[in-house]
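Heads up, start.txt below (compact mmCIF, C-alpha atoms and all ligand atoms):
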# COMPACT_ATOMS: atom_id res chain seq x y z
CA MET A 1 -3.66 -8.85 -42.20
CA SER A 2 -3.93 -12.61 -42.53
CA GLU A 3 -2.61 -15.10 -40.01
CA PRO A 4 0.87 -16.34 -41.03
CA PHE A 5 0.36 -19.83 -39.59
CA ARG A 6 -1.57 -22.65 -41.18
CA PRO A 7 -4.44 -23.94 -39.03
CA PHE A 8 -3.34 -26.50 -36.46
CA GLU A 9 -4.96 -28.55 -33.72
CA ARG A 10 -1.99 -29.45 -31.64
CA ILE A 11 1.53 -28.44 -30.66
CA VAL A 12 4.48 -30.73 -31.36
CA ARG A 13 7.81 -30.87 -29.57
CA ILE A 14 11.05 -30.46 -31.49
CA THR A 15 14.69 -29.96 -30.58
CA VAL A 16 16.84 -27.19 -32.05
CA LEU A 17 20.58 -27.30 -31.28
CA GLY A 18 19.90 -29.23 -28.09
CA LYS A 19 17.06 -27.02 -26.86
CA THR A 20 13.44 -28.14 -26.68
CA PHE A 21 10.60 -26.12 -28.22
CA ASP A 22 6.86 -26.57 -28.70
CA VAL A 23 5.60 -25.45 -32.12
CA PRO A 24 2.37 -25.73 -34.15
CA GLU A 25 1.96 -28.83 -36.33
CA LYS A 26 1.10 -28.60 -40.06
CA ASN A 27 3.44 -25.65 -40.56
CA SER A 28 6.79 -25.42 -42.30
CA LEU A 29 9.82 -25.53 -40.06
CA LEU A 30 10.64 -21.92 -40.98
CA ARG A 31 7.11 -20.88 -39.98
CA CYS A 32 7.68 -22.67 -36.68
CA PHE A 33 10.87 -20.68 -36.23
CA GLN A 34 8.74 -17.58 -36.78
CA TYR A 35 6.35 -18.88 -34.12
CA LEU A 36 9.32 -19.05 -31.72
CA SER A 37 10.78 -15.71 -32.70
CA PRO A 38 8.14 -13.45 -34.31
CA GLU A 39 10.31 -10.36 -33.85
CA THR A 40 13.26 -11.59 -35.93
CA ILE A 41 12.32 -14.25 -38.49
CA PRO A 42 10.02 -11.95 -40.56
CA TYR A 43 12.98 -9.55 -40.90
CA GLY A 44 15.49 -12.21 -41.94
CA ARG A 45 16.65 -12.46 -45.56
CA PHE A 46 14.26 -15.30 -46.38
CA CYS A 47 12.49 -15.66 -49.73
CA TRP A 48 9.99 -18.21 -48.30
CA ASN A 49 9.76 -19.93 -51.71
CA GLN A 50 12.76 -22.32 -51.89
CA GLU A 51 15.10 -20.04 -53.85
CA CYS A 52 17.50 -18.28 -51.49
CA GLN A 53 18.64 -21.29 -49.41
CA TYR A 54 19.14 -19.04 -46.38
CA CYS A 55 16.78 -21.27 -44.41
CA ARG A 56 18.87 -24.42 -44.83
CA VAL A 57 19.10 -26.71 -41.79
CA GLU A 58 20.46 -30.11 -40.96
CA CYS A 59 17.95 -32.26 -39.23
CA ARG A 60 17.40 -35.78 -37.94
CA LEU A 61 13.87 -37.11 -38.18
CA PRO A 62 12.49 -39.38 -35.45
CA ASP A 63 12.69 -42.51 -37.64
CA ASP A 64 16.11 -41.68 -39.13
CA ASP A 65 19.56 -42.65 -37.87
CA THR A 66 21.40 -39.93 -39.75
CA SER A 67 20.88 -36.22 -40.24
CA ARG A 68 19.87 -34.79 -43.60
CA GLU A 69 19.94 -31.32 -45.08
CA MET A 70 16.67 -29.64 -45.89
CA ILE A 71 15.28 -26.20 -46.50
CA SER A 72 13.06 -25.21 -43.64
CA CYS A 73 10.63 -23.11 -45.71
CA LYS A 74 9.57 -26.27 -47.54
CA PHE A 75 9.68 -29.03 -44.94
CA LEU A 76 6.70 -29.49 -42.62
CA VAL A 77 7.52 -29.84 -38.96
CA MET A 78 7.31 -33.29 -37.37
CA GLU A 79 6.97 -34.31 -33.74
CA GLY A 80 10.38 -35.26 -32.38
CA MET A 81 12.51 -33.83 -35.17
CA ASP A 82 15.98 -32.76 -34.08
CA VAL A 83 17.52 -29.76 -35.84
CA THR A 84 21.27 -30.17 -35.47
CA ARG A 85 22.57 -27.33 -37.64
CA LEU A 86 21.21 -23.94 -38.72
CA SER A 87 22.20 -21.64 -41.56
CA PRO A 88 24.03 -18.47 -40.47
CA GLU A 89 20.87 -16.41 -41.18
CA LEU A 90 18.73 -18.68 -39.00
CA LYS A 91 21.38 -18.69 -36.28
CA ARG A 92 21.33 -14.91 -36.24
CA CYS A 93 17.54 -14.73 -36.12
CA LEU A 94 17.13 -17.43 -33.45
CA ARG A 95 20.09 -16.41 -31.28
CA ALA A 96 18.04 -14.88 -28.45
CA VAL A 97 15.47 -17.68 -28.40
CA LEU A 98 18.17 -20.35 -28.32
CA LYS A 99 20.07 -18.54 -25.60
CA ALA A 100 16.99 -18.20 -23.38
CA ALA A 101 15.71 -21.76 -23.76
CA PRO A 102 16.82 -24.36 -21.23
CA PRO A 103 18.66 -27.41 -22.56
CA ALA A 104 16.54 -30.37 -23.62
CA GLY A 105 15.83 -32.75 -20.79
CA SER A 106 16.78 -30.31 -18.05
CA SER A 107 14.51 -29.92 -15.07
CA ALA A 108 14.09 -26.25 -15.95
CA ALA A 109 12.46 -27.23 -19.26
CA LYS A 110 9.65 -29.00 -17.50
CA PRO A 111 9.35 -27.68 -13.98
CA ALA A 112 7.98 -30.19 -11.53
CA PRO A 113 4.60 -29.25 -10.11
CA ALA A 114 4.71 -27.87 -6.59
CA ALA A 115 3.84 -30.39 -3.92
CA PRO A 116 0.35 -29.76 -2.57
CA ALA A 117 0.02 -28.77 1.07
CA LYS A 118 -0.80 -31.76 3.18
CA ALA A 119 -4.44 -31.78 4.16
CA GLY A 120 -5.39 -34.62 6.37
CA PRO A 121 -6.16 -35.57 9.92
CA ALA A 122 -4.20 -33.91 12.68
CA PRO A 123 -1.25 -35.97 13.89
CA SER A 124 -2.23 -38.45 16.59
CA PRO A 125 -0.54 -38.44 19.98
CA PRO A 126 2.27 -40.92 20.45
CA ALA A 127 1.22 -44.46 21.26
CA ALA A 128 2.06 -46.07 24.58
CA ALA A 129 4.75 -48.74 24.78
CA ASN A 130 2.15 -51.49 24.39
CA GLY A 131 0.88 -49.92 21.17
CA ARG A 132 -2.33 -48.61 22.70
CA LYS A 133 -3.21 -44.99 23.21
CA PRO A 134 -3.07 -43.88 26.84
CA SER A 135 -6.56 -43.33 28.19
CA ARG A 136 -7.54 -39.99 29.69
CA ALA A 137 -8.06 -41.61 33.09
CA LYS A 138 -4.53 -43.05 33.15
CA SER A 139 -3.09 -39.73 32.07
CA ALA A 140 -5.01 -37.96 34.86
CA ILE A 141 -3.74 -40.51 37.42
CA ALA A 142 -0.16 -40.10 36.21
CA SER A 143 -0.32 -36.32 36.49
CA SER A 144 -1.86 -36.46 40.00
CA ARG A 145 0.95 -38.76 41.26
CA LYS A 146 3.59 -36.26 40.14
CA LYS A 147 2.15 -33.68 42.53
S1 LIG B 1 13.54 -19.12 -47.32
FE1 LIG B 1 14.54 -19.05 -49.21
S2 LIG B 1 14.90 -21.12 -49.65
FE2 LIG B 1 13.79 -21.18 -47.78
Let me see the structure of the file written as structure tokens.
Ligand code: FES
Amino acid sequence: MSEPFRPFERIVRITVLGKTFDVPEKNSLLRCFQYLSPETIPYGRFCWNQECQYCRVECRLPDDDTSREMISCKFLVMEGMDVTRLSPELKRCLRAVLKAAPPAGSSAAKPAPAAPAKAGPAPSPPAAANGRKPSRAKSAIASSRKK
């Protein structure tokens, strides 16, 4: 069986209904939806050749101010594209993926790396009132006077 995706070198970030996804460049948007949901998109009622219109989306491109309608089996994905509306068939197929994804820009989408354990010199003893460390001799004298 041949690979369904066109060869790609990098992953691009897109937004679908307010959720952020990483998908392979140089592929149609519908193929990218398949990348996100390989268990449902191949079983959707899609012709994959621009006839059925079941893959219709509304989308805003990074350099556009307004959204435009397009068919996702034809249009190649672009970094930063924002899909604002899905056809009912796409909605049905992507329902689980969209439900599971965190909202765009949330901290859950890009978890912060864990802070590394501090590795450094052991904490120094507190300084004396004059800013100097107490010498061992003075400490010994002070402890002998207490007795
Ligand atoms: S899948 Fe049929 S028009 Fe796009």
Using all atoms listed in the file, what table do you get, as a Markdown table, when you list each residue of chain A with an atom no more than 10 Å from ligand LIG 1 (chain B), its nearest pair of atoms, and their distance in Å rounded to one decimal, rows by chain then rising number?
| residue | atom | partner | partner_atom | distance |
| --- | --- | --- | --- | --- |
| A:Ser28 | CA | B:LIG1 | FE2 | 9.8 |
| A:Leu29 | CA | B:LIG1 | FE2 | 9.7 |
| A:Leu30 | CA | B:LIG1 | S1 | 7.5 |
| A:Arg31 | CA | B:LIG1 | S1 | 9.9 |
| A:Gly44 | CA | B:LIG1 | S1 | 9.0 |
| A:Arg45 | CA | B:LIG1 | S1 | 7.6 |
| A:Phe46 | CA | B:LIG1 | S1 | 4.0 |
| A:Cys47 | CA | B:LIG1 | FE1 | 4.0 |
| A:Trp48 | CA | B:LIG1 | S1 | 3.8 |
| A:Asn49 | CA | B:LIG1 | FE1 | 5.5 |
| A:Gln50 | CA | B:LIG1 | S2 | 3.3 |
| A:Glu51 | CA | B:LIG1 | S2 | 4.3 |
| A:Cys52 | CA | B:LIG1 | FE1 | 3.8 |
| A:Gln53 | CA | B:LIG1 | S2 | 3.8 |
| A:Tyr54 | CA | B:LIG1 | FE1 | 5.4 |
| A:Cys55 | CA | B:LIG1 | FE2 | 4.5 |
| A:Arg56 | CA | B:LIG1 | FE2 | 6.7 |
| A:Val57 | CA | B:LIG1 | FE2 | 9.7 |
| A:Met70 | CA | B:LIG1 | FE2 | 9.1 |
| A:Ile71 | CA | B:LIG1 | FE2 | 5.4 |
| A:Ser72 | CA | B:LIG1 | FE2 | 5.8 |
| A:Cys73 | CA | B:LIG1 | FE2 | 4.2 |
| A:Lys74 | CA | B:LIG1 | FE2 | 6.6 |
| A:Phe75 | CA | B:LIG1 | FE2 | 9.3 |
| A:Glu89 | CA | B:LIG1 | S1 | 9.9 |
| A:Leu90 | CA | B:LIG1 | S1 | 9.8 |
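Proximity of A:Ser2, A:Leu17, A:Tyr35, A:Ile11 to Ala104 in chain A, computed with only C-alpha atoms, is greatest for A:Leu17.
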Determine the nearest neighbour of Val77 in chain A from the options A:Arg92, A:Lys26, A:Lys19, A:Arg10, counting all atoms listed in the file.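 Among the listed residues, the smallest separation from Val77 in chain A belongs to A:Lys26.
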Report, in Å to a single decimal, how far apart CA of Pro62 in chain A and CA of Lys99 in chain A are. 24.3 Å
Kindly give the distance, in Å, that separates CA of Thr40 in chain A and CA of Pro88 in chain A, rounded to a single decimal. 13.6 Å
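Between CA of Gln34 in chain A and CA of Gly105 in chain A lies a distance of 23.2 Å.
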When you count all atoms listed in the file, which of these residues is closest to Ser67 in chain A: A:Glu25, A:Glu3, A:Glu39, A:Asp82?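 Comparing A:Glu25, A:Glu3, A:Glu39, A:Asp82 against Ser67 in chain A, the winner is A:Asp82.
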